[in-house]
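See below for the structure under consideration.
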Amino acid sequence: KNQVEQSPQSLIILEGKNCTLQCNYTVSPFSNLRWYKQDTGRGPVSLTIMTFSENTKSNGRYTATLDADTKQSSLHITASQLSDSASYICVVKGGYQKVTFGTGTKLQVIP
Amino acid sequence: GAGVSQSPRYKVAKRGQDVALRCDPISGHVSLFWYQQALGQGPEFLTYFQNEAQLDKSGLPSDRFFAERPEGSVSTLKIQRTQQEDSAVYLCASSLWGTGRGEETQYFGPGTRLLVL
């Protein structure tokens with residue numbers, strides 16, 4: 001069964017600090033991996049997308065990495081801001097439009 | 001509008017009642033997806049449309065769930081005889097292209113929060 005597991009489940013960090021969120025997946029075949037940010041009460045918004053041949057991609061203070069051999073991805077947030085408080089969801093696309101969502105990491109940035 | 005819209009934003013239903021949830025995708029988007037997101041969980045795929053054709057409904061949890069997109073734009077997710085376990089946020093997403101364009105971004109609506117009492 002295709003699975004996407006994320007860790008930690010929740011995280012609290014001080015404003016200005018860095019953090020790294022992890023995603024492990026078993027989805028096969030693999031098409032691409034996205035990281036989404038979901039603010040409370042809102043739909044998810046795509047941050048980054050990576051295909052098999054890409055191992056890092058940045059979007060401002062967000063940097064995602066992908067190791068397709070070990071089926072692991074990480075999302076690194078630099079110099080966190082209060083507005084980064086949200087759930088971060090790892091989503092892996094396999095075959096025919098099928099996507100598998102992770103359960104997310106709930107990040108809280110405190111002043 | 002500029003994004004995907006959903007209505008109602010909140011719905012409270014008595015157990016056994018039928019509900020209909022509406023999704024207005026981004027104009028011109030070919031693909032439309034419905035997801036169910038339980039509290040504290042990631043979204044779970046329900047069904048997928050390419051234009052008016054429902055190409056995948058493998059995620060619908062039971063025959064009480066029915067989705068349609070008759071004119072290839074607005075979609076409705078209907079839940080008959082609601083049960084307490086149907087309580088969740090129902091997310092709709094659309095993307096520009098249809099199958100084969102694996103890198104297209106899905107744009108999500110704000111969701112409809114359904115509470116079944």
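Letters A, B, ... mark the chains of the structure tokens in the order given; residue numbers begin at 1 per chain; ligand numbers begin at 1, in order shown.
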
Which of chain A end up as strand (DSSP E or B) when DSSP is run on this backbone - answer as number ranges by chain? A: 4-7, 10-14, 19-25, 32-38, 45-51, 56-59, 62-67, 72-77, 86-93, 99-101, 105-110

Could you produce a table of the residues of chain A lying within 10 Å of chain B, with the nearest pair of atoms per residue and their separation in Å rounded to one decimal, using only C-alpha atoms, ordered by chain and increasing residue number, as a Markdown table?
```
| residue | atom | partner | partner_atom | distance |
| --- | --- | --- | --- | --- |
| A:Val4 | CA | B:Gly42 | CA | 9.8 |
| A:Gln9 | CA | B:Gly40 | CA | 9.6 |
| A:Ser31 | CA | B:Gly102 | CA | 7.0 |
| A:Asn32 | CA | B:Glu103 | CA | 7.2 |
| A:Leu33 | CA | B:Glu103 | CA | 9.4 |
| A:Arg34 | CA | B:Thr105 | CA | 9.3 |
| A:Gln38 | CA | B:Pro110 | CA | 9.8 |
| A:Asp39 | CA | B:Pro110 | CA | 9.8 |
| A:Thr40 | CA | B:Pro110 | CA | 9.7 |
| A:Gly41 | CA | B:Pro110 | CA | 6.7 |
| A:Arg42 | CA | B:Pro110 | CA | 4.4 |
| A:Gly43 | CA | B:Pro110 | CA | 4.4 |
| A:Pro44 | CA | B:Phe108 | CA | 6.0 |
| A:Val45 | CA | B:Phe108 | CA | 6.9 |
| A:Ser46 | CA | B:Thr105 | CA | 7.3 |
| A:Thr48 | CA | B:Thr105 | CA | 9.8 |
| A:Ile49 | CA | B:Glu103 | CA | 7.7 |
| A:Met50 | CA | B:Glu103 | CA | 8.8 |
| A:Thr51 | CA | B:Glu103 | CA | 8.3 |
| A:Ser87 | CA | B:Gly40 | CA | 9.4 |
| A:Tyr88 | CA | B:Gly42 | CA | 9.6 |
| A:Ile89 | CA | B:Gly42 | CA | 7.1 |
| A:Cys90 | CA | B:Gly42 | CA | 8.9 |
| A:Val91 | CA | B:Gly42 | CA | 9.1 |
| A:Lys93 | CA | B:Gly102 | CA | 7.9 |
| A:Gly94 | CA | B:Gly102 | CA | 9.1 |
| A:Gly95 | CA | B:Gly102 | CA | 8.8 |
| A:Tyr96 | CA | B:Thr99 | CA | 6.8 |
| A:Gln97 | CA | B:Thr99 | CA | 6.6 |
| A:Lys98 | CA | B:Phe45 | CA | 7.9 |
| A:Val99 | CA | B:Phe45 | CA | 7.3 |
| A:Thr100 | CA | B:Glu44 | CA | 7.4 |
| A:Phe101 | CA | B:Gly42 | CA | 5.6 |
| A:Gly102 | CA | B:Gly42 | CA | 5.5 |
| A:Thr103 | CA | B:Gly42 | CA | 4.1 |
| A:Gly104 | CA | B:Gly42 | CA | 6.1 |
| A:Thr105 | CA | B:Gly40 | CA | 9.6 |
| A:Lys106 | CA | B:Gly40 | CA | 9.0 |
```

Separation of atom CA of Ala53 of chain B from atom CA of Lys78 of chain B, in Å and rounded to one decimal: 16.5 Å

Surrounding residues of Pro61 of chain B excluding itself and chain neighbours under 6 positions, 12 Å, only C-alpha atoms, as a count of residues only: 10

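Excluding Arg22 of chain B itself and same-chain residues fewer than 3 positions from it, the residues having an atom within 9 Å of it are Ser5, Gln6, Ser7, Pro8, Val74, Ser75, Thr76, Leu77, Lys78, Cys92 and Thr112 of chain B, counting only C-alpha atoms.
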
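What separates atom CA of Leu21 of chain B from atom CA of Leu96 of chain B is a distance of 21.7 Å.
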
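For Ile110 of chain A, the non-local neighbours within 7 Å, defined as residues at least 6 positions apart in the same chain or in other chains and counting only C-alpha atoms, are Ile13, Leu14, Glu15 and Leu82 of chain A.
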
Since we have the selection now, will you write its residues out, keeping C-alpha atoms, as a JSON list (two decimals), in the first residue's frame?
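Result file result.json:
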```
[["chain", "number", "residue", "atom", "x", "y", "z"],
["A", 13, "ILE", "CA", 10.25, 26.64, 17.43],
["A", 14, "LEU", "CA", 11.29, 30.17, 18.27],
["A", 15, "GLU", "CA", 10.93, 32.86, 15.67],
["A", 82, "LEU", "CA", 5.34, 33.69, 12.80]]
```
